[in-house]
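See below for structure-v7.pdb, which holds PDB, C-alpha atoms, pLDDT in the B column.
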ATOM      1  CA  MET A   1     -18.767  16.350  12.025  1.00 88.00           C
ATOM      2  CA  ILE A   2     -15.818  14.027  11.432  1.00 96.00           C
ATOM      3  CA  GLN A   3     -15.892  10.684  13.235  1.00 97.00           C
ATOM      4  CA  LEU A   4     -13.510   8.548  11.143  1.00 98.00           C
ATOM      5  CA  VAL A   5     -10.086   9.388   9.680  1.00 98.00           C
ATOM      6  CA  THR A   6      -8.458   6.884   7.326  1.00 98.00           C
ATOM      7  CA  PHE A   7      -4.902   7.006   6.034  1.00 98.00           C
ATOM      8  CA  ASP A   8      -3.057   5.726   3.009  1.00 98.00           C
ATOM      9  CA  LEU A   9       0.291   4.024   3.691  1.00 98.00           C
ATOM     10  CA  TRP A  10       3.053   4.723   1.156  1.00 97.00           C
ATOM     11  CA  ASN A  11       4.281   8.311   1.039  1.00 96.00           C
ATOM     12  CA  THR A  12       1.669   9.118   3.679  1.00 98.00           C
ATOM     13  CA  ILE A  13       2.697   7.088   6.745  1.00 98.00           C
ATOM     14  CA  PHE A  14       5.860   5.472   5.312  1.00 98.00           C
ATOM     15  CA  THR A  15       8.395   7.076   3.021  1.00 96.00           C
ATOM     16  CA  ASN A  16       8.433   5.243  -0.303  1.00 93.00           C
ATOM     17  CA  LYS A  17      11.056   2.509  -0.345  1.00 93.00           C
ATOM     18  CA  HIS A  18      11.680  -0.124  -3.018  1.00 92.00           C
ATOM     19  CA  TYR A  19      12.969  -3.646  -2.452  1.00 95.00           C
ATOM     20  CA  SER A  20      13.158  -4.860  -6.054  1.00 93.00           C
ATOM     21  CA  ASP A  21      16.964  -5.132  -6.089  1.00 94.00           C
ATOM     22  CA  LEU A  22      17.035  -7.183  -2.884  1.00 95.00           C
ATOM     23  CA  ARG A  23      14.431  -9.591  -4.243  1.00 96.00           C
ATOM     24  CA  PHE A  24      16.315  -9.896  -7.514  1.00 95.00           C
ATOM     25  CA  ASP A  25      19.563 -10.641  -5.654  1.00 96.00           C
ATOM     26  CA  TYR A  26      17.896 -13.268  -3.488  1.00 96.00           C
ATOM     27  CA  PHE A  27      16.364 -15.006  -6.503  1.00 95.00           C
ATOM     28  CA  THR A  28      19.631 -15.085  -8.479  1.00 96.00           C
ATOM     29  CA  LYS A  29      21.441 -16.527  -5.441  1.00 95.00           C
ATOM     30  CA  PHE A  30      18.672 -19.110  -5.139  1.00 95.00           C
ATOM     31  CA  LEU A  31      19.288 -20.179  -8.753  1.00 94.00           C
ATOM     32  CA  LYS A  32      23.045 -20.266  -8.290  1.00 93.00           C
ATOM     33  CA  LYS A  33      22.804 -22.325  -5.113  1.00 93.00           C
ATOM     34  CA  ARG A  34      20.740 -24.918  -6.951  1.00 91.00           C
ATOM     35  CA  GLN A  35      23.040 -24.767  -9.975  1.00 93.00           C
ATOM     36  CA  ILE A  36      20.265 -23.682 -12.327  1.00 91.00           C
ATOM     37  CA  PRO A  37      21.981 -22.264 -15.437  1.00 91.00           C
ATOM     38  CA  ILE A  38      20.039 -19.077 -16.171  1.00 93.00           C
ATOM     39  CA  SER A  39      21.869 -15.849 -16.959  1.00 93.00           C
ATOM     40  CA  LEU A  40      21.381 -12.619 -15.017  1.00 94.00           C
ATOM     41  CA  LYS A  41      20.093 -10.974 -18.160  1.00 95.00           C
ATOM     42  CA  GLU A  42      17.420 -13.643 -18.608  1.00 95.00           C
ATOM     43  CA  VAL A  43      16.337 -13.243 -14.995  1.00 94.00           C
ATOM     44  CA  GLU A  44      16.253  -9.453 -15.312  1.00 94.00           C
ATOM     45  CA  ASN A  45      14.103  -9.662 -18.429  1.00 94.00           C
ATOM     46  CA  ALA A  46      11.768 -12.143 -16.739  1.00 93.00           C
ATOM     47  CA  PHE A  47      11.338  -9.877 -13.709  1.00 93.00           C
ATOM     48  CA  ASN A  48      10.517  -6.925 -15.952  1.00 92.00           C
ATOM     49  CA  LEU A  49       8.130  -8.931 -18.098  1.00 89.00           C
ATOM     50  CA  ALA A  50       6.333 -11.114 -15.580  1.00 86.00           C
ATOM     51  CA  PHE A  51       7.024 -10.081 -11.992  1.00 90.00           C
ATOM     52  CA  HIS A  52       6.696  -6.300 -11.987  1.00 86.00           C
ATOM     53  CA  LEU A  53       3.305  -4.858 -12.856  1.00 78.00           C
ATOM     54  CA  SER A  54       4.169  -2.062 -15.269  1.00 68.00           C
ATOM     55  CA  ASN A  55       2.269  -3.721 -18.122  1.00 61.00           C
ATOM     56  CA  VAL A  56      -0.878  -4.636 -16.181  1.00 61.00           C
ATOM     57  CA  ASN A  57      -4.114  -2.763 -16.909  1.00 70.00           C
ATOM     58  CA  PHE A  58      -5.640  -2.778 -13.438  1.00 69.00           C
ATOM     59  CA  LYS A  59      -8.772  -0.948 -14.524  1.00 75.00           C
ATOM     60  CA  GLU A  60      -9.744  -3.675 -16.968  1.00 69.00           C
ATOM     61  CA  ASN A  61      -9.479  -6.197 -14.135  1.00 74.00           C
ATOM     62  CA  SER A  62     -11.606  -4.129 -11.718  1.00 84.00           C
ATOM     63  CA  TYR A  63      -8.392  -3.424  -9.784  1.00 91.00           C
ATOM     64  CA  ARG A  64      -8.115  -6.995  -8.524  1.00 92.00           C
ATOM     65  CA  HIS A  65      -5.100  -7.598  -6.306  1.00 93.00           C
ATOM     66  CA  ILE A  66      -2.244  -9.574  -7.875  1.00 91.00           C
ATOM     67  CA  TYR A  67      -0.712 -11.844  -5.261  1.00 94.00           C
ATOM     68  CA  THR A  68       2.972 -12.614  -4.767  1.00 95.00           C
ATOM     69  CA  ASN A  69       2.552 -16.308  -5.534  1.00 95.00           C
ATOM     70  CA  ASP A  70       0.896 -15.386  -8.850  1.00 94.00           C
ATOM     71  CA  ARG A  71       3.829 -13.134  -9.699  1.00 94.00           C
ATOM     72  CA  ILE A  72       6.248 -15.940  -8.893  1.00 95.00           C
ATOM     73  CA  SER A  73       4.272 -18.343 -11.079  1.00 94.00           C
ATOM     74  CA  ARG A  74       4.482 -15.925 -13.999  1.00 93.00           C
ATOM     75  CA  LEU A  75       8.196 -15.402 -13.396  1.00 94.00           C
ATOM     76  CA  LEU A  76       8.916 -19.127 -13.404  1.00 95.00           C
ATOM     77  CA  LYS A  77       6.792 -19.627 -16.507  1.00 94.00           C
ATOM     78  CA  VAL A  78       8.749 -17.026 -18.468  1.00 94.00           C
ATOM     79  CA  LEU A  79      11.985 -18.663 -17.336  1.00 95.00           C
ATOM     80  CA  ASN A  80      10.561 -22.083 -18.294  1.00 95.00           C
ATOM     81  CA  LEU A  81      11.532 -23.257 -14.839  1.00 94.00           C
ATOM     82  CA  GLU A  82       9.846 -25.780 -12.547  1.00 93.00           C
ATOM     83  CA  ILE A  83      10.774 -25.918  -8.880  1.00 93.00           C
ATOM     84  CA  PRO A  84       9.230 -27.747  -5.892  1.00 94.00           C
ATOM     85  CA  GLN A  85       6.287 -26.128  -4.164  1.00 95.00           C
ATOM     86  CA  SER A  86       8.312 -25.921  -0.948  1.00 95.00           C
ATOM     87  CA  ASP A  87      10.922 -23.786  -2.711  1.00 95.00           C
ATOM     88  CA  ARG A  88       8.237 -21.570  -4.229  1.00 95.00           C
ATOM     89  CA  LYS A  89       6.848 -20.966  -0.754  1.00 95.00           C
ATOM     90  CA  LYS A  90      10.316 -20.084   0.567  1.00 96.00           C
ATOM     91  CA  ILE A  91      10.756 -17.534  -2.187  1.00 96.00           C
ATOM     92  CA  GLU A  92       7.321 -16.051  -1.517  1.00 96.00           C
ATOM     93  CA  ILE A  93       7.990 -15.689   2.225  1.00 96.00           C
ATOM     94  CA  LYS A  94      11.449 -14.245   1.626  1.00 96.00           C
ATOM     95  CA  PHE A  95      10.128 -11.713  -0.879  1.00 96.00           C
ATOM     96  CA  GLU A  96       7.385 -10.618   1.528  1.00 95.00           C
ATOM     97  CA  GLU A  97       9.597 -10.392   4.619  1.00 96.00           C
ATOM     98  CA  ILE A  98      12.518  -8.446   3.124  1.00 95.00           C
ATOM     99  CA  MET A  99      11.016  -5.224   4.486  1.00 96.00           C
ATOM    100  CA  LEU A 100      11.593  -6.416   8.071  1.00 96.00           C
ATOM    101  CA  LYS A 101      15.366  -6.258   7.612  1.00 91.00           C
ATOM    102  CA  ASP A 102      15.326  -2.663   6.411  1.00 94.00           C
ATOM    103  CA  PRO A 103      11.982  -0.988   7.197  1.00 97.00           C
ATOM    104  CA  PRO A 104      10.948   2.233   5.482  1.00 97.00           C
ATOM    105  CA  SER A 105      11.157   5.379   7.580  1.00 97.00           C
ATOM    106  CA  LEU A 106       8.138   7.232   8.885  1.00 98.00           C
ATOM    107  CA  LYS A 107       7.177  10.463   7.176  1.00 97.00           C
ATOM    108  CA  ILE A 108       7.848  13.598   9.190  1.00 97.00           C
ATOM    109  CA  GLY A 109       5.044  14.343  11.630  1.00 97.00           C
ATOM    110  CA  VAL A 110       3.333  10.944  11.496  1.00 98.00           C
ATOM    111  CA  LYS A 111       3.515  10.118  15.214  1.00 97.00           C
ATOM    112  CA  GLU A 112       2.367  13.573  16.276  1.00 98.00           C
ATOM    113  CA  THR A 113      -0.518  13.475  13.796  1.00 98.00           C
ATOM    114  CA  LEU A 114      -1.711  10.050  14.871  1.00 98.00           C
ATOM    115  CA  TYR A 115      -1.399  10.884  18.560  1.00 98.00           C
ATOM    116  CA  GLU A 116      -3.466  14.058  18.296  1.00 97.00           C
ATOM    117  CA  LEU A 117      -6.145  12.728  15.962  1.00 98.00           C
ATOM    118  CA  SER A 118      -6.595   9.461  17.856  1.00 97.00           C
ATOM    119  CA  GLU A 119      -7.712  11.403  20.915  1.00 95.00           C
ATOM    120  CA  ASN A 120     -10.901  12.560  19.188  1.00 95.00           C
ATOM    121  CA  PHE A 121     -11.406  10.389  16.105  1.00 97.00           C
ATOM    122  CA  LYS A 122     -11.431   6.744  15.066  1.00 97.00           C
ATOM    123  CA  ILE A 123      -8.349   5.957  12.964  1.00 98.00           C
ATOM    124  CA  GLY A 124      -7.994   3.405  10.161  1.00 98.00           C
ATOM    125  CA  LEU A 125      -5.503   2.408   7.475  1.00 98.00           C
ATOM    126  CA  ILE A 126      -6.564   1.739   3.873  1.00 98.00           C
ATOM    127  CA  SER A 127      -3.608   0.501   1.874  1.00 97.00           C
ATOM    128  CA  ASN A 128      -2.730  -1.090  -1.412  1.00 96.00           C
ATOM    129  CA  THR A 129       0.012  -3.660  -0.937  1.00 95.00           C
ATOM    130  CA  GLY A 130       2.527  -4.912  -3.448  1.00 92.00           C
ATOM    131  CA  ILE A 131       4.720  -7.877  -2.597  1.00 94.00           C
ATOM    132  CA  THR A 132       4.924  -6.939   1.066  1.00 95.00           C
ATOM    133  CA  SER A 133       1.745  -8.229   2.681  1.00 96.00           C
ATOM    134  CA  GLY A 134      -0.411  -6.542   5.278  1.00 97.00           C
ATOM    135  CA  ARG A 135       0.835  -9.109   7.786  1.00 96.00           C
ATOM    136  CA  ILE A 136       4.361  -7.740   7.467  1.00 97.00           C
ATOM    137  CA  ILE A 137       3.291  -4.093   7.379  1.00 97.00           C
ATOM    138  CA  LYS A 138       1.493  -4.491  10.719  1.00 97.00           C
ATOM    139  CA  LYS A 139       4.715  -5.816  12.241  1.00 97.00           C
ATOM    140  CA  VAL A 140       6.554  -2.714  11.082  1.00 97.00           C
ATOM    141  CA  PHE A 141       3.784  -0.511  12.498  1.00 98.00           C
ATOM    142  CA  ASN A 142       4.200  -2.171  15.870  1.00 96.00           C
ATOM    143  CA  SER A 143       7.986  -1.789  15.720  1.00 97.00           C
ATOM    144  CA  TYR A 144       7.454   1.968  15.363  1.00 97.00           C
ATOM    145  CA  ASP A 145       4.842   1.885  18.155  1.00 97.00           C
ATOM    146  CA  ILE A 146       2.119   3.355  15.937  1.00 98.00           C
ATOM    147  CA  GLY A 147      -0.079   0.276  15.492  1.00 97.00           C
ATOM    148  CA  LYS A 148      -1.866   1.196  18.720  1.00 97.00           C
ATOM    149  CA  PHE A 149      -3.414   4.259  17.087  1.00 98.00           C
ATOM    150  CA  PHE A 150      -5.290   2.262  14.435  1.00 98.00           C
ATOM    151  CA  ARG A 151      -8.617   0.569  15.086  1.00 97.00           C
ATOM    152  CA  ILE A 152      -8.691  -1.091  11.679  1.00 97.00           C
ATOM    153  CA  PHE A 153      -6.208  -2.153   8.995  1.00 98.00           C
ATOM    154  CA  LEU A 154      -7.523  -2.801   5.490  1.00 98.00           C
ATOM    155  CA  PHE A 155      -5.061  -4.169   2.923  1.00 98.00           C
ATOM    156  CA  SER A 156      -5.590  -5.034  -0.734  1.00 96.00           C
ATOM    157  CA  ASP A 157      -3.963  -8.464  -0.300  1.00 96.00           C
ATOM    158  CA  GLU A 158      -6.537  -9.329   2.368  1.00 96.00           C
ATOM    159  CA  LEU A 159      -9.609  -8.013   0.520  1.00 96.00           C
ATOM    160  CA  GLY A 160      -8.560  -8.851  -3.034  1.00 95.00           C
ATOM    161  CA  PHE A 161      -8.837  -5.411  -4.634  1.00 95.00           C
ATOM    162  CA  TYR A 162      -6.648  -2.350  -5.048  1.00 95.00           C
ATOM    163  CA  LYS A 163      -7.766   1.221  -4.537  1.00 96.00           C
ATOM    164  CA  PRO A 164      -9.521   3.014  -6.208  1.00 96.00           C
ATOM    165  CA  ASN A 165     -11.961   0.090  -6.094  1.00 95.00           C
ATOM    166  CA  THR A 166     -14.255   1.289  -3.332  1.00 96.00           C
ATOM    167  CA  ILE A 167     -14.453  -1.973  -1.374  1.00 95.00           C
ATOM    168  CA  MET A 168     -11.944  -0.940   1.307  1.00 96.00           C
ATOM    169  CA  PHE A 169     -13.488   2.480   1.837  1.00 98.00           C
ATOM    170  CA  GLU A 170     -16.978   0.982   2.035  1.00 97.00           C
ATOM    171  CA  LEU A 171     -15.833  -1.639   4.530  1.00 97.00           C
ATOM    172  CA  ALA A 172     -14.217   0.994   6.762  1.00 97.00           C
ATOM    173  CA  LEU A 173     -17.465   2.967   6.817  1.00 98.00           C
ATOM    174  CA  LYS A 174     -19.460  -0.173   7.557  1.00 97.00           C
ATOM    175  CA  LYS A 175     -17.133  -1.326  10.356  1.00 96.00           C
ATOM    176  CA  PHE A 176     -17.505   1.974  12.168  1.00 95.00           C
ATOM    177  CA  LYS A 177     -21.160   2.539  11.231  1.00 96.00           C
ATOM    178  CA  CYS A 178     -20.103   5.894   9.855  1.00 97.00           C
ATOM    179  CA  VAL A 179     -21.835   7.835   7.094  1.00 98.00           C
ATOM    180  CA  PRO A 180     -19.439   8.995   4.335  1.00 98.00           C
ATOM    181  CA  GLN A 181     -19.947  12.680   5.109  1.00 96.00           C
ATOM    182  CA  ASN A 182     -18.476  12.077   8.588  1.00 97.00           C
ATOM    183  CA  ALA A 183     -15.338  10.367   7.292  1.00 98.00           C
ATOM    184  CA  ILE A 184     -12.186  11.747   5.711  1.00 98.00           C
ATOM    185  CA  HIS A 185      -9.369   9.944   3.871  1.00 98.00           C
ATOM    186  CA  ILE A 186      -5.776  11.180   3.692  1.00 98.00           C
ATOM    187  CA  GLY A 187      -3.437  10.045   0.917  1.00 97.00           C
ATOM    188  CA  ASP A 188      -0.874  11.139  -1.627  1.00 96.00           C
ATOM    189  CA  ARG A 189      -2.304   9.698  -4.862  1.00 95.00           C
ATOM    190  CA  LEU A 190      -5.176  11.336  -6.661  1.00 96.00           C
ATOM    191  CA  GLU A 191      -5.941   8.326  -8.869  1.00 94.00           C
ATOM    192  CA  THR A 192      -6.213   5.829  -6.000  1.00 95.00           C
ATOM    193  CA  ASP A 193      -6.747   7.543  -2.638  1.00 97.00           C
ATOM    194  CA  ILE A 194      -8.708  10.611  -3.607  1.00 97.00           C
ATOM    195  CA  LYS A 195     -10.666   8.970  -6.441  1.00 96.00           C
ATOM    196  CA  GLY A 196     -11.698   5.939  -4.379  1.00 97.00           C
ATOM    197  CA  ALA A 197     -12.717   7.937  -1.318  1.00 98.00           C
ATOM    198  CA  LYS A 198     -14.597  10.539  -3.362  1.00 97.00           C
ATOM    199  CA  GLU A 199     -16.553   7.786  -5.113  1.00 96.00           C
ATOM    200  CA  CYS A 200     -17.764   6.766  -1.655  1.00 97.00           C
ATOM    201  CA  ASN A 201     -18.690  10.402  -0.872  1.00 97.00           C
ATOM    202  CA  MET A 202     -16.009  10.696   1.799  1.00 98.00           C
ATOM    203  CA  LEU A 203     -14.102  13.915   2.350  1.00 98.00           C
ATOM    204  CA  THR A 204     -10.483  13.842   1.197  1.00 98.00           C
ATOM    205  CA  ILE A 205      -7.121  15.400   1.995  1.00 98.00           C
ATOM    206  CA  TRP A 206      -4.428  15.164  -0.667  1.00 98.00           C
ATOM    207  CA  ILE A 207      -0.815  15.197   0.526  1.00 97.00           C
ATOM    208  CA  ASN A 208       0.994  16.943  -2.302  1.00 94.00           C
ATOM    209  CA  ASP A 209       4.528  17.150  -0.936  1.00 90.00           C
ATOM    210  CA  SER A 210       6.045  16.966  -4.416  1.00 86.00           C
ATOM    211  CA  ASN A 211       4.064  19.959  -5.739  1.00 82.00           C
ATOM    212  CA  SER A 212       2.348  17.852  -8.412  1.00 80.00           C
ATOM    213  CA  SER A 213      -0.136  19.447 -10.763  1.00 79.00           C
ATOM    214  CA  ARG A 214      -3.773  19.261  -9.745  1.00 81.00           C
ATOM    215  CA  SER A 215      -6.141  17.128 -11.780  1.00 82.00           C
ATOM    216  CA  LYS A 216      -9.220  18.518 -13.496  1.00 82.00           C
ATOM    217  CA  GLU A 217     -11.006  15.192 -13.121  1.00 90.00           C
ATOM    218  CA  ILE A 218     -10.118  14.341  -9.503  1.00 93.00           C
ATOM    219  CA  GLN A 219     -10.596  17.173  -7.031  1.00 95.00           C
ATOM    220  CA  PRO A 220      -9.625  16.688  -3.364  1.00 97.00           C
ATOM    221  CA  ASP A 221     -11.470  18.673  -0.715  1.00 97.00           C
ATOM    222  CA  TYR A 222      -8.210  19.818   0.861  1.00 97.00           C
ATOM    223  CA  GLU A 223      -4.559  19.902  -0.185  1.00 97.00           C
ATOM    224  CA  ILE A 224      -1.569  19.873   2.183  1.00 97.00           C
ATOM    225  CA  GLN A 225       2.191  19.383   1.956  1.00 95.00           C
ATOM    226  CA  GLN A 226       2.930  17.749   5.332  1.00 96.00           C
ATOM    227  CA  ILE A 227       0.805  15.188   7.131  1.00 97.00           C
ATOM    228  CA  TYR A 228       0.547  17.221  10.335  1.00 97.00           C
ATOM    229  CA  ASP A 229      -1.212  19.972   8.364  1.00 97.00           C
ATOM    230  CA  ALA A 230      -4.245  17.657   8.354  1.00 98.00           C
ATOM    231  CA  VAL A 231      -4.760  18.077  12.113  1.00 98.00           C
ATOM    232  CA  PRO A 232      -6.126  21.645  12.158  1.00 97.00           C
ATOM    233  CA  ILE A 233      -8.183  20.939   9.027  1.00 97.00           C
ATOM    234  CA  ILE A 234      -9.916  17.940  10.576  1.00 97.00           C
ATOM    235  CA  ASN A 235     -10.365  19.618  13.953  1.00 95.00           C
ATOM    236  CA  GLY A 236     -11.957  22.586  12.191  1.00 94.00           C
ATOM    237  CA  ILE A 237     -14.544  20.635  10.171  1.00 92.00           C
ATOM    238  CA  MET A 238     -17.980  21.077  11.750  1.00 67.00           C
TER     239      MET A 238
END

Reformat the file's structure so that it appears as structure tokens.
Amino acid sequence: MIQLVTFDLWNTIFTNKHYSDLRFDYFTKFLKKRQIPISLKEVENAFNLAFHLSNVNFKENSYRHIYTNDRISRLLKVLNLEIPQSDRKKIEIKFEEIMLKDPPSLKIGVKETLYELSENFKIGLISNTGITSGRIIKKVFNSYDIGKFFRIFLFSDELGFYKPNTIMFELALKKFKCVPQNAIHIGDRLETDIKGAKECNMLTIWINDSNSSRSKEIQPDYEIQQIYDAVPIINGIM
């Protein structure tokens, strides 16, 4: 019998939205305002090399979270640039809060799904975060009036590890005193959501709205295309 339902965030609750260009523009304007002579090409290369995480092997690092201030430190190091700590903090806050000016949209059916499931089940969020912190994401949740449905928010920047490290799933189970067999996780990524939850023996629902190929190694218990399709599945699990 299901007692706990946990959700992923990106492409599950929120539609994927990237803010890299806005952060790049802010940083270049910051340099120009302070008359720091670094070309756009140099900044672009530094962002690709040191700020974005395309070259990071998360598995080798046990999926430890990489914080925004660490990214900024690496960026400045590549640019061979030293700036006051107060300016570094301004950049960090600006990078994190950019989402508030242009929030991502909710996926179709999110409010209806949360409303119906919250009547009978405990609801939690288990989310990897990038540069946008959990603090900011919760503000966006409240602006959409969906924060009220969640009894717990677990973010990688607050716990120090990314999914599929099992720490967030284990903590959710512990918080609600729920055995794994009575919990189900909903997410769109096999290698993070489904893998992490399955390693904790939770049930899983994979949102495959892009018709991706199934994995031989990672097998979800259920597969859906729209988030609301999870409602009858969860209500029907005995």

Point-to-point distance from atom CA of Phe14 of chain A to atom CA of Thr204 of chain A, Å rounded to tenths: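 Spanning atom CA of Phe14 of chain A to atom CA of Thr204 of chain A is a straight-line distance of 18.8 Å.
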
Hey, which bits of segment 136-194 of chain A sit within 8 Å of segment 2-13 of chain A, and for each residue what's the closest pair of atoms and how far apart in Å (one decimal), counting all atoms listed in the file, rows by chain and increasing number, as CSV?
residue,atom,partner,partner_atom,distance
A:Phe176,CA,A:Leu4,CA,7.8
A:Cys178,CA,A:Gln3,CA,7.2
A:Gln181,CA,A:Ile2,CA,7.7
A:Asn182,CA,A:Ile2,CA,4.4
A:Ala183,CA,A:Leu4,CA,4.6
A:Ile184,CA,A:Val5,CA,5.1
A:His185,CA,A:Thr6,CA,4.7
A:Ile186,CA,A:Phe7,CA,4.9
A:Gly187,CA,A:Asp8,CA,4.8
A:Asp188,CA,A:Thr12,CA,6.2
A:Asp193,CA,A:Asp8,CA,7.0

Best match for closeness to Asp70 of chain A among A:Glu191, A:Glu92, A:Asp87, A:Glu82, counting all atoms listed in the file: A:Glu92

Tell me, as a list in words, which residues lie within 8 Å of Ile131 of chain A, counting all atoms listed in the file; anything in the same chain fewer than 3 positions away does not count. Tyr67, Thr68, Phe95 and Glu96 of chain A

To box segment 220-228 of chain A, take all atoms listed in the file, fit an axis-aligned box, add 3 Å on each side, and give centre and edge lengths in Å to one decimal, as AutoDock Vina command-line options.
--center_x -4.3 --center_y 17.5 --center_z 3.5 --size_x 20.4 --size_y 10.7 --size_z 19.7

Grab the atom CA of Leu171 of chain A to atom CA of Ser143 of chain A distance for me, in Å with one decimal place.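 Computed distance, atom CA of Leu171 of chain A to atom CA of Ser143 of chain A, equals 26.3 Å.
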
Given the PyMOL selection byres ((chain A and resi 201) around 12) and the file above, list the residues it selects as a list in words. Thr166, Phe169, Glu170, Leu173, Cys178, Val179, Pro180, Gln181, Asn182, Ala183, Ile184, His185, Ile194, Lys195, Gly196, Ala197, Lys198, Glu199, Cys200, Met202, Leu203, Thr204, Pro220 and Asp221 of chain A

Distance of atom CA of Asn16 of chain A from atom CA of Tyr162 of chain A, expressed in Å to one decimal place: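 Separation between atom CA of Tyr162 of chain A and atom CA of Asn16 of chain A: 17.5 Å.
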
My list of candidates is A:Arg34, A:Lys111, A:Arg74, A:His65. Which is closest to Phe51 of chain A when distances are computed with all atoms listed in the file?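 Using all atoms listed in the file, Phe51 of chain A sits closest to A:Arg74.
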
Result set of the PyMOL selection byres ((chain A and resi 225-231) around 10) on the coordinates above, as a count of residues only: 31

What do you get, as a PyMOL selection string, if you spell out every residue that the PyMOL selection byres ((chain A and resi 146-154) around 9) selects here? chain A and resi 110-111+114-115+117-118+122-128+134+138-145+155-159+168-169+171-172+175

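Counting all atoms listed in the file, the residue from A:Leu100, A:Ile66, A:Val78, A:Leu106 that sits nearest to Arg135 of chain A is A:Leu100.
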
Top pick for closest residue to Ala50 of chain A, considering A:Thr28, A:Asn120, A:Thr132, A:Ser73 and counting all atoms listed in the file: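 Closest to Ala50 of chain A, using all atoms listed in the file: A:Ser73.
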
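Between His52 of chain A and the residues A:Arg189, A:Arg64, A:His18, A:Lys177, the shortest atom-to-atom distance, using all atoms listed in the file, involves A:His18.
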
Can you work out which one of A:Phe121, A:Lys89, A:Glu42, A:Lys29 has the shortest atom-to-atom distance to Met1 of chain A, counting all atoms listed in the file?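 Going through A:Phe121, A:Lys89, A:Glu42, A:Lys29 one by one, the smallest distance to Met1 of chain A is for A:Phe121.
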
Could I get segment 128-143 of chain A rebuilt with N, CA and C atoms, written as a CSV table (one decimal), in the coordinates of the input?
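Saved result, selection30.csv, follows:
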chain,number,residue,atom,x,y,z
A,128,ASN,N,-3.1,-0.1,-0.4
A,128,ASN,CA,-2.7,-1.1,-1.4
A,128,ASN,C,-1.4,-1.7,-1.0
A,129,THR,N,-1.3,-3.0,-1.2
A,129,THR,CA,0.0,-3.7,-0.9
A,129,THR,C,0.6,-4.2,-2.2
A,130,GLY,N,1.9,-4.3,-2.3
A,130,GLY,CA,2.5,-4.9,-3.4
A,130,GLY,C,2.9,-6.3,-3.1
A,131,ILE,N,4.2,-6.6,-3.0
A,131,ILE,CA,4.7,-7.9,-2.6
A,131,ILE,C,4.7,-8.0,-1.1
A,132,THR,N,5.0,-6.9,-0.4
A,132,THR,CA,4.9,-6.9,1.1
A,132,THR,C,3.5,-7.0,1.5
A,133,SER,N,3.1,-8.0,2.3
A,133,SER,CA,1.7,-8.2,2.7
A,133,SER,C,1.4,-7.4,3.9
A,134,GLY,N,0.1,-7.3,4.1
A,134,GLY,CA,-0.4,-6.5,5.3
A,134,GLY,C,0.1,-7.1,6.6
A,135,ARG,N,0.3,-8.4,6.6
A,135,ARG,CA,0.8,-9.1,7.8
A,135,ARG,C,2.2,-8.5,8.2
A,136,ILE,N,3.0,-8.3,7.2
A,136,ILE,CA,4.4,-7.7,7.5
A,136,ILE,C,4.3,-6.3,7.8
A,137,ILE,N,3.4,-5.5,7.1
A,137,ILE,CA,3.3,-4.1,7.4
A,137,ILE,C,2.8,-3.8,8.8
A,138,LYS,N,1.9,-4.7,9.3
A,138,LYS,CA,1.5,-4.5,10.7
A,138,LYS,C,2.6,-4.7,11.7
A,139,LYS,N,3.5,-5.6,11.4
A,139,LYS,CA,4.7,-5.8,12.2
A,139,LYS,C,5.6,-4.6,12.3
A,140,VAL,N,5.8,-3.9,11.1
A,140,VAL,CA,6.6,-2.7,11.1
A,140,VAL,C,5.9,-1.6,11.8
A,141,PHE,N,4.5,-1.5,11.7
A,141,PHE,CA,3.8,-0.5,12.5
A,141,PHE,C,4.0,-0.7,14.0
A,142,ASN,N,4.0,-1.9,14.4
A,142,ASN,CA,4.2,-2.2,15.9
A,142,ASN,C,5.6,-1.9,16.3
A,143,SER,N,6.6,-2.1,15.4
A,143,SER,CA,8.0,-1.8,15.7
A,143,SER,C,8.2,-0.3,15.9
